[in-house]
$ cat input.cif   # mmCIF, C-alpha atoms
data_input
#
loop_
_atom_site.label_atom_id
_atom_site.label_comp_id
_atom_site.auth_asym_id
_atom_site.auth_seq_id
_atom_site.Cartn_x
_atom_site.Cartn_y
_atom_site.Cartn_z
CA MET A 1488 67.81 51.84 144.19
CA HIS A 1489 68.61 48.53 142.62
CA TYR A 1490 64.93 47.60 142.51
CA LYS A 1491 64.07 50.87 140.76
CA LYS A 1492 66.52 50.13 137.95
CA ILE A 1493 65.07 46.68 137.51
CA PHE A 1494 61.53 48.13 137.37
CA VAL A 1495 62.48 50.72 134.78
CA ALA A 1496 64.17 48.10 132.64
CA VAL A 1497 61.22 45.76 132.75
CA THR A 1498 58.83 48.59 132.00
CA THR A 1499 60.92 49.71 129.07
CA ILE A 1500 61.05 46.20 127.66
CA GLY A 1501 57.29 45.91 127.99
CA ILE A 1502 56.71 49.18 126.21
CA LEU A 1503 59.04 48.16 123.41
CA ALA A 1504 57.33 44.79 123.09
CA SER A 1505 53.92 46.42 123.03
CA THR A 1506 55.08 48.90 120.41
CA ALA A 1507 56.46 46.09 118.26
CA ALA A 1508 53.25 44.11 118.59
CA LEU A 1509 51.22 47.17 117.72
CA ALA A 1510 53.35 47.76 114.64
CA ASP A 1511 52.88 44.17 113.57
CA ASP A 1512 49.12 44.47 114.02
CA THR A 1513 49.08 47.71 112.01
CA ASN A 1514 51.01 46.08 109.16
CA THR A 1515 48.68 43.11 109.22
CA VAL A 1516 45.66 45.39 109.06
CA LYS A 1517 47.16 47.30 106.15
CA THR A 1518 47.92 44.04 104.34
CA ASP A 1519 44.45 42.70 104.97
CA ARG A 1520 42.87 45.97 103.82
CA ALA A 1521 44.93 45.98 100.59
CA GLN A 1522 43.94 42.38 99.94
CA MET A 1523 40.31 43.22 100.56
CA VAL A 1524 40.50 46.16 98.15
CA GLN A 1525 42.13 43.95 95.52
CA ASP A 1526 39.53 41.23 96.07
CA ARG A 1527 36.72 43.75 95.69
CA GLN A 1528 38.26 45.15 92.53
CA GLU A 1529 38.67 41.69 91.07
CA ALA A 1530 35.13 40.81 92.02
CA ARG A 1531 33.78 43.99 90.43
CA GLN A 1532 35.85 43.32 87.31
CA GLU A 1533 34.61 39.74 87.16
CA ILE A 1534 31.01 40.90 87.51
CA LYS A 1535 31.55 43.60 84.92
CA THR A 1536 33.12 41.14 82.50
CA GLN A 1537 30.35 38.64 83.08
CA ASN A 1538 27.76 41.33 82.43
CA VAL A 1539 29.47 42.25 79.18
CA CYS A 1540 29.68 38.59 78.17
CA ASP A 1541 26.01 38.07 78.95
CA ARG A 1542 24.97 41.19 77.03
CA ILE A 1543 27.03 40.18 74.00
CA ALA A 1544 25.56 36.67 74.10
CA ASN A 1545 22.03 38.08 74.25
CA PHE A 1546 22.83 40.54 71.47
CA SER A 1547 24.18 37.73 69.30
CA ASP A 1548 21.10 35.61 69.92
CA ASN A 1549 18.82 38.48 68.91
CA LEU A 1550 20.98 39.25 65.90
CA ASN A 1551 20.94 35.61 64.79
CA GLN A 1552 17.16 35.49 65.12
CA LYS A 1553 16.80 38.68 63.10
CA ALA A 1554 19.23 37.46 60.44
CA SER A 1555 17.46 34.11 60.27
CA GLY A 1556 14.15 35.88 59.71
CA GLN A 1557 15.64 38.00 56.94
CA GLU A 1558 17.19 34.95 55.28
CA ASN A 1559 13.84 33.17 55.34
CA GLN A 1560 12.18 36.20 53.75
CA ILE A 1561 14.83 36.28 51.04
CA LYS A 1562 14.43 32.57 50.31
CA THR A 1563 10.65 32.97 50.21
CA HIS A 1564 11.02 35.84 47.75
CA GLN A 1565 13.41 33.74 45.67
CA ARG A 1566 10.96 30.86 45.48
CA GLU A 1567 8.10 33.21 44.59
CA ARG A 1568 10.22 34.83 41.91
CA MET A 1569 11.08 31.49 40.35
CA THR A 1570 7.46 30.30 40.61
CA ASN A 1571 6.21 33.47 38.90
CA TRP A 1572 8.82 33.09 36.18
CA GLU A 1573 7.84 29.50 35.51
CA SER A 1574 4.15 30.44 35.52
CA LYS A 1575 4.74 33.19 32.95
CA THR A 1576 6.72 30.89 30.68
CA GLU A 1577 4.00 28.26 30.88
CA MET A 1578 1.35 30.81 29.92
CA ALA A 1579 3.53 32.04 27.05
CA ASP A 1580 3.92 28.47 25.79
CA GLN A 1581 0.18 27.92 25.89
CA LYS A 1582 -0.46 31.16 24.00
CA LEU A 1583 2.17 30.33 21.39
CA ALA A 1584 0.74 26.84 20.89
CA GLN A 1585 -2.73 28.32 20.47
CA VAL A 1586 -1.57 30.88 17.90
CA ARG A 1587 0.33 28.27 15.94
CA SER A 1588 -2.70 26.00 15.95
CA GLN A 1589 -4.88 28.81 14.62
CA TRP A 1590 -2.39 29.64 11.89
CA GLU A 1591 -2.13 25.97 11.00
CA ALA A 1592 -5.90 25.76 10.53
CA ASN A 1593 -5.91 28.95 8.48
CA ARG A 1594 -3.02 27.75 6.36
CA GLN A 1595 -4.73 24.43 5.57
CA GLU A 1596 -7.84 26.34 4.55
CA GLN A 1597 -5.82 28.50 2.17
CA PHE A 1598 -4.02 25.45 0.80
CA LYS A 1599 -7.40 23.91 0.05
CA LYS A 1600 -8.42 27.02 -1.92
CA LEU A 1601 -5.17 26.86 -3.89
CA GLU A 1602 -5.75 23.20 -4.68
CA GLU A 1603 -9.29 23.94 -5.89
CA SER A 1604 -8.00 26.71 -8.16
CA ALA A 1605 -5.41 24.42 -9.78
CA THR A 1606 -6.82 22.89 -12.97
CA THR A 1607 -3.74 21.76 -14.88
CA ASP A 1608 -1.10 19.28 -13.87
CA ALA A 1609 1.49 22.06 -13.83
CA GLN A 1610 -0.66 24.13 -11.49
CA LYS A 1611 -1.32 21.16 -9.24
CA LYS A 1612 2.40 20.43 -9.06
CA ALA A 1613 3.15 24.11 -8.37
CA VAL A 1614 0.62 24.13 -5.53
CA ALA A 1615 2.03 20.91 -4.08
CA ASP A 1616 5.56 22.30 -4.25
CA PHE A 1617 4.39 25.55 -2.68
CA GLU A 1618 2.72 23.70 0.18
CA THR A 1619 5.78 21.55 0.81
CA THR A 1620 8.12 24.56 0.77
CA THR A 1621 5.81 26.51 3.07
CA GLU A 1622 5.53 23.71 5.61
CA LYS A 1623 9.30 23.21 5.66
CA ALA A 1624 9.95 26.94 5.97
CA ILE A 1625 7.47 27.27 8.83
CA ALA A 1626 8.89 24.23 10.61
CA THR A 1627 12.40 25.65 10.26
CA ARG A 1628 11.30 29.04 11.53
CA GLU A 1629 9.36 27.58 14.47
CA SER A 1630 12.33 25.40 15.41
CA ALA A 1631 14.65 28.41 15.36
CA VAL A 1632 12.15 30.41 17.44
CA ASP A 1633 11.83 27.57 19.93
CA VAL A 1634 15.60 27.33 20.30
CA ALA A 1635 15.86 31.11 20.79
CA ILE A 1636 13.13 31.03 23.43
CA GLU A 1637 14.63 28.06 25.24
CA THR A 1638 18.11 29.60 25.18
CA PHE A 1639 16.71 32.82 26.59
CA ARG A 1640 14.79 31.05 29.35
CA THR A 1641 17.70 28.83 30.29
CA GLY A 1642 19.96 31.86 30.51
CA VAL A 1643 17.49 33.77 32.69
CA LYS A 1644 16.91 30.77 34.97
CA ASN A 1645 20.64 30.19 35.35
CA ALA A 1646 21.16 33.86 36.15
CA ILE A 1647 18.46 33.75 38.83
CA GLN A 1648 19.80 30.54 40.34
CA THR A 1649 23.37 31.86 40.28
CA ARG A 1650 22.30 34.99 42.11
CA GLN A 1651 20.34 32.94 44.61
CA GLY A 1652 23.41 30.82 45.26
CA GLN A 1653 25.55 33.91 45.78
CA VAL A 1654 23.03 35.42 48.19
CA ASP A 1655 22.84 32.15 50.11
CA ASP A 1656 26.65 32.03 50.32
CA ILE A 1657 26.74 35.57 51.70
CA ALA A 1658 24.17 34.68 54.34
CA SER A 1659 26.13 31.56 55.27
CA SER A 1660 29.42 33.48 55.47
CA SER A 1661 27.81 36.18 57.61
CA ALA A 1662 26.39 33.59 60.00
CA SER A 1663 29.80 31.92 60.21
CA ALA A 1664 31.47 35.26 60.99
CA ARG A 1665 28.94 35.98 63.74
CA LYS A 1666 29.50 32.54 65.25
CA SER A 1667 33.28 33.01 65.18
CA ALA A 1668 32.92 36.38 66.92
CA LEU A 1669 30.71 34.89 69.62
CA ASP A 1670 33.01 31.89 70.08
CA LYS A 1671 35.87 34.34 70.61
CA VAL A 1672 33.82 36.18 73.25
CA LYS A 1673 33.13 32.94 75.10
CA SER A 1674 36.79 31.97 74.92
CA ASP A 1675 37.92 35.36 76.22
CA CYS A 1676 35.33 35.31 78.98
CA ASP A 1677 36.40 31.83 80.09
CA ALA A 1678 40.01 33.00 80.10
CA GLY A 1679 39.11 35.93 82.38
CA ALA A 1680 39.81 38.74 79.92
CA ASP A 1681 38.71 42.18 81.06
CA ALA A 1682 35.42 43.63 79.86
CA ALA A 1683 37.00 46.31 77.68
CA THR A 1684 39.06 43.76 75.78
CA VAL A 1685 36.08 41.45 75.29
CA ARG A 1686 33.89 44.29 74.04
CA ALA A 1687 36.54 45.77 71.73
CA THR A 1688 37.39 42.38 70.21
CA PHE A 1689 33.73 41.61 69.58
CA GLN A 1690 33.00 45.02 68.06
CA ALA A 1691 35.99 44.74 65.73
CA ALA A 1692 34.93 41.27 64.59
CA MET A 1693 31.36 42.39 63.90
CA LYS A 1694 32.56 45.45 62.00
CA ASN A 1695 34.77 43.29 59.80
CA ALA A 1696 31.86 40.92 59.19
CA ARG A 1697 29.57 43.79 58.13
CA THR A 1698 32.24 45.26 55.85
CA GLN A 1699 32.84 41.89 54.20
CA MET A 1700 29.10 41.33 53.75
CA GLN A 1701 28.64 44.72 52.06
CA SER A 1702 31.57 44.00 49.77
CA ASP A 1703 30.17 40.60 48.85
CA LYS A 1704 26.75 42.10 48.11
CA GLN A 1705 28.27 44.55 45.66
CA ASN A 1706 29.85 41.65 43.76
CA VAL A 1707 26.58 39.73 43.39
CA ASP A 1708 25.63 39.26 39.74
CA LYS A 1709 22.89 41.60 38.51
CA VAL A 1710 20.12 39.56 36.88
CA GLY A 1711 18.77 42.58 35.02
CA GLU A 1712 22.04 43.15 33.17
CA THR A 1713 22.22 39.49 32.18
CA VAL A 1714 18.61 39.53 30.97
CA LYS A 1715 19.29 42.53 28.73
CA VAL A 1716 22.03 40.61 26.93
CA LEU A 1717 19.82 37.53 26.64
CA VAL A 1718 16.95 39.58 25.22
CA GLN A 1719 19.21 41.04 22.56
CA THR A 1720 20.50 37.56 21.68
CA ARG A 1721 16.96 36.23 21.41
CA GLN A 1722 15.83 39.09 19.21
CA THR A 1723 18.81 38.64 16.91
CA ALA A 1724 18.09 34.90 16.56
CA MET A 1725 14.40 35.51 15.85
CA LYS A 1726 15.12 38.22 13.30
CA SER A 1727 17.50 35.88 11.52
CA ALA A 1728 14.84 33.15 11.48
CA LEU A 1729 12.23 35.59 10.19
CA ASP A 1730 14.50 36.97 7.46
CA THR A 1731 15.28 33.44 6.27
CA PHE A 1732 11.59 32.56 6.29
CA LYS A 1733 10.66 35.67 4.32
CA ALA A 1734 13.31 34.99 1.68
CA THR A 1735 12.18 31.38 1.28
CA MET A 1736 8.51 32.31 1.00
CA GLU A 1737 9.16 35.08 -1.47
CA LYS A 1738 10.79 32.57 -3.82
CA ALA A 1739 7.96 30.09 -3.26
CA ARG A 1740 5.29 32.67 -4.08
CA THR A 1741 7.17 33.75 -7.20
CA SER A 1742 7.27 30.15 -8.46
CA LEU A 1743 3.60 29.66 -7.63
CA LYS A 1744 2.50 32.78 -9.50
CA LYS A 1745 4.27 31.55 -12.63
CA ALA A 1746 1.88 28.61 -12.71
CA PHE A 1747 -1.10 31.00 -12.57
CA PRO A 1748 -0.25 33.66 -15.15
CA ASP A 1749 -3.85 34.80 -15.59
CA GLN A 1750 -4.87 34.99 -11.89
CA THR A 1751 -3.52 35.94 -8.51
CA ALA A 1752 -2.91 32.99 -6.23
CA ASP A 1753 -4.14 33.44 -2.66
CA THR A 1754 -1.08 33.06 -0.43
CA SER A 1755 -2.33 35.01 2.58
CA SER A 1756 -1.80 31.95 4.75
CA THR A 1757 1.91 32.52 4.53
CA SER A 1758 1.91 36.04 5.92
CA THR A 1759 5.35 36.24 7.42
CA SER A 1760 5.24 39.23 9.71
CA ASP A 1761 2.07 38.47 11.67
CA THR A 1762 2.98 34.88 12.45
CA ALA A 1763 6.56 35.64 13.43
CA GLN A 1764 5.62 38.62 15.54
CA THR A 1765 3.09 36.53 17.44
CA GLU A 1766 5.70 33.89 18.15
CA GLN A 1767 8.13 36.43 19.51
#

$ encode --input "input.cif" --output "structure tokens"
Amino acid sequence: MHYKKIFVAVTTIGILASTAALADDTNTVKTDRAQMVQDRQEARQEIKTQNVCDRIANFSDNLNQKASGQENQIKTHQRERMTNWESKTEMADQKLAQVRSQWEANRQEQFKKLEESATTDAQKKAVADFETTTEKAIATRESAVDVAIETFRTGVKNAIQTRQGQVDDIASSSASARKSALDKVKSDCDAGADAATVRATFQAAMKNARTQMQSDKQNVDKVGETVKVLVQTRQTAMKSALDTFKATMEKARTSLKKAFPDQTADTSSTSTSDTAQTEQ
């Protein structure tokens, strides 16, 4: 009987020990399984984040290449525009010089006719005075026209260059914004930020950059509007020069005719409208 009690006690202790060990094993398994699940989740998140980071980096590289190509096209167009402008002004200068040379030759021919028609000292003096007045009036008018043309061209060139500078600044600011956005992505990725945060931060930065770029573009100076003002200024200056020239020549012709009371002096070389219109 005594041995039976001892056996039951030992058996009971063994069962309890086995049950305790089994419980410990079960808890260990549960802990290990939870850790494994967490590890897998973290691994998936890390892979997902890395994929997002890689995609954003590739997207930024492609975007930078595209933007660089567009900037090069813009700069090429700017250079072509300036080259065409300079070519047109050079051709205009050559045409103006040719016209003035032709009028100079014609004027000297008419002066010669006037000199041949002068027979008295008074007539000779009147012709000499007329020639001097004409040459001074033409020189004054041509100088005023040249100043008006140069002012116009300088204004147009400055307007073009100002716009080019503004466009270049916008491109530079846009590139800087893209770089800042990408640097933020790299920083977040290195810090282990989750994919959603990385993506949302990048999208917000790019949206702000696009909004700022559109706003900057709207504030770029319009060359056409500036040119309109410059054209009006040039026309006003040339009209003033022409009006002054006409008034001077009208007085000169009146004085010349007084010296030739019995004949009409040929003053066609001083035609005011044709010469001035050609110069404009």

$ atom_distance --input "input.cif" --atom1 "atom CA of A:Lys1644" --atom2 "atom CA of A:Asp1708"
13.1 Å

$ residues_around --input "input.cif" --residues "A:Ser1742" --least-positions-apart "5" --cutoff "12 Å" --atoms "all atoms listed in the file" --output "VMD selection string"
chain A and resid 1609 to 1610 1612 to 1618 1620 1735 to 1737 1747 to 1748 1752 1754

$ closest_residue --input "input.cif" --among "A:Gln1690, A:Ser1604, A:Gln1560, A:Thr1720" --to "A:Asp1749" --atoms "all atoms listed in the file"
A:Ser1604

$ residues_around --input "input.cif" --residues "A:Thr1641" --least-positions-apart "3" --cutoff "12 Å" --atoms "all atoms listed in the file" --output "MDAnalysis selection string"
chainID A and resid 1572:1573 1576 1633:1638 1644:1649 1713:1714 1717:1718 1721

$ write_last_selection --input "input.cif" --atoms "C-alpha atoms" --output "mmCIF file, keeping the file's coordinate frame"
data_model
loop_
_atom_site.group_PDB
_atom_site.id
_atom_site.type_symbol
_atom_site.label_atom_id
_atom_site.label_comp_id
_atom_site.auth_asym_id
_atom_site.auth_seq_id
_atom_site.Cartn_x
_atom_site.Cartn_y
_atom_site.Cartn_z
ATOM 1 C CA TRP A 1572 8.820 33.090 36.180
ATOM 2 C CA GLU A 1573 7.840 29.500 35.510
ATOM 3 C CA THR A 1576 6.720 30.890 30.680
ATOM 4 C CA ASP A 1633 11.830 27.570 19.930
ATOM 5 C CA VAL A 1634 15.600 27.330 20.300
ATOM 6 C CA ALA A 1635 15.860 31.110 20.790
ATOM 7 C CA ILE A 1636 13.130 31.030 23.430
ATOM 8 C CA GLU A 1637 14.630 28.060 25.240
ATOM 9 C CA THR A 1638 18.110 29.600 25.180
ATOM 10 C CA LYS A 1644 16.910 30.770 34.970
ATOM 11 C CA ASN A 1645 20.640 30.190 35.350
ATOM 12 C CA ALA A 1646 21.160 33.860 36.150
ATOM 13 C CA ILE A 1647 18.460 33.750 38.830
ATOM 14 C CA GLN A 1648 19.800 30.540 40.340
ATOM 15 C CA THR A 1649 23.370 31.860 40.280
ATOM 16 C CA THR A 1713 22.220 39.490 32.180
ATOM 17 C CA VAL A 1714 18.610 39.530 30.970
ATOM 18 C CA LEU A 1717 19.820 37.530 26.640
ATOM 19 C CA VAL A 1718 16.950 39.580 25.220
ATOM 20 C CA ARG A 1721 16.960 36.230 21.410
#

$ closest_residue --input "input.cif" --among "A:Arg1665, A:Arg1740, A:Lys1575, A:Arg1640" --to "A:Asn1695" --atoms "all atoms listed in the file"
A:Arg1665

$ resolve_selection --input "input.cif" --expression "the PyMOL selection byres ((chain A and resi 1543) around 12)" --output "PyMOL selection string"
chain A and resi 1536-1542+1544-1551+1665-1666+1668-1673+1676+1682+1685-1690+1693

$ write_last_selection --input "input.cif" --atoms "C-alpha atoms" --output "PDB file, in the frame of the given file"
ATOM      1  CA  THR A1536      33.120  41.140  82.500  1.00  0.00           C
ATOM      2  CA  GLN A1537      30.350  38.640  83.080  1.00  0.00           C
ATOM      3  CA  ASN A1538      27.760  41.330  82.430  1.00  0.00           C
ATOM      4  CA  VAL A1539      29.470  42.250  79.180  1.00  0.00           C
ATOM      5  CA  CYS A1540      29.680  38.590  78.170  1.00  0.00           C
ATOM      6  CA  ASP A1541      26.010  38.070  78.950  1.00  0.00           C
ATOM      7  CA  ARG A1542      24.970  41.190  77.030  1.00  0.00           C
ATOM      8  CA  ALA A1544      25.560  36.670  74.100  1.00  0.00           C
ATOM      9  CA  ASN A1545      22.030  38.080  74.250  1.00  0.00           C
ATOM     10  CA  PHE A1546      22.830  40.540  71.470  1.00  0.00           C
ATOM     11  CA  SER A1547      24.180  37.730  69.300  1.00  0.00           C
ATOM     12  CA  ASP A1548      21.100  35.610  69.920  1.00  0.00           C
ATOM     13  CA  ASN A1549      18.820  38.480  68.910  1.00  0.00           C
ATOM     14  CA  LEU A1550      20.980  39.250  65.900  1.00  0.00           C
ATOM     15  CA  ASN A1551      20.940  35.610  64.790  1.00  0.00           C
ATOM     16  CA  ARG A1665      28.940  35.980  63.740  1.00  0.00           C
ATOM     17  CA  LYS A1666      29.500  32.540  65.250  1.00  0.00           C
ATOM     18  CA  ALA A1668      32.920  36.380  66.920  1.00  0.00           C
ATOM     19  CA  LEU A1669      30.710  34.890  69.620  1.00  0.00           C
ATOM     20  CA  ASP A1670      33.010  31.890  70.080  1.00  0.00           C
ATOM     21  CA  LYS A1671      35.870  34.340  70.610  1.00  0.00           C
ATOM     22  CA  VAL A1672      33.820  36.180  73.250  1.00  0.00           C
ATOM     23  CA  LYS A1673      33.130  32.940  75.100  1.00  0.00           C
ATOM     24  CA  CYS A1676      35.330  35.310  78.980  1.00  0.00           C
ATOM     25  CA  ALA A1682      35.420  43.630  79.860  1.00  0.00           C
ATOM     26  CA  VAL A1685      36.080  41.450  75.290  1.00  0.00           C
ATOM     27  CA  ARG A1686      33.890  44.290  74.040  1.00  0.00           C
ATOM     28  CA  ALA A1687      36.540  45.770  71.730  1.00  0.00           C
ATOM     29  CA  THR A1688      37.390  42.380  70.210  1.00  0.00           C
ATOM     30  CA  PHE A1689      33.730  41.610  69.580  1.00  0.00           C
ATOM     31  CA  GLN A1690      33.000  45.020  68.060  1.00  0.00           C
ATOM     32  CA  MET A1693      31.360  42.390  63.900  1.00  0.00           C
TER      33      MET A1693
END

$ atom_distance --input "input.cif" --atom1 "atom CA of A:Gly1652" --atom2 "atom CA of A:Lys1704"
12.1 Å

$ atom_distance --input "input.cif" --atom1 "atom CA of A:Glu1577" --atom2 "atom CA of A:Thr1621"
27.9 Å

$ axis_aligned_box --input "input.cif" --around "stretch 1642-1650 of chain A" --padding-each-side "6 Å" --output "JSON"
{"center_x": 20.1, "center_y": 32.6, "center_z": 36.3, "size_x": 18.5, "size_y": 16.8, "size_z": 23.6}

$ residues_around --input "input.cif" --residues "stretch 1730-1732 of chain A" --least-positions-apart "2" --cutoff "9 Å" --atoms "only C-alpha atoms" --output "number ranges by chain"
A: 1621, 1624-1625, 1627-1628, 1725-1728, 1734-1737, 1759

$ residues_near_point --input "input.cif" --point "(2.2, 25.4, 17.6)" --cutoff "12 Å" --atoms "only C-alpha atoms" --output "PyMOL selection string"
chain A and resi 1579-1592+1625-1626+1628-1630+1632-1633+1762-1763+1765-1766
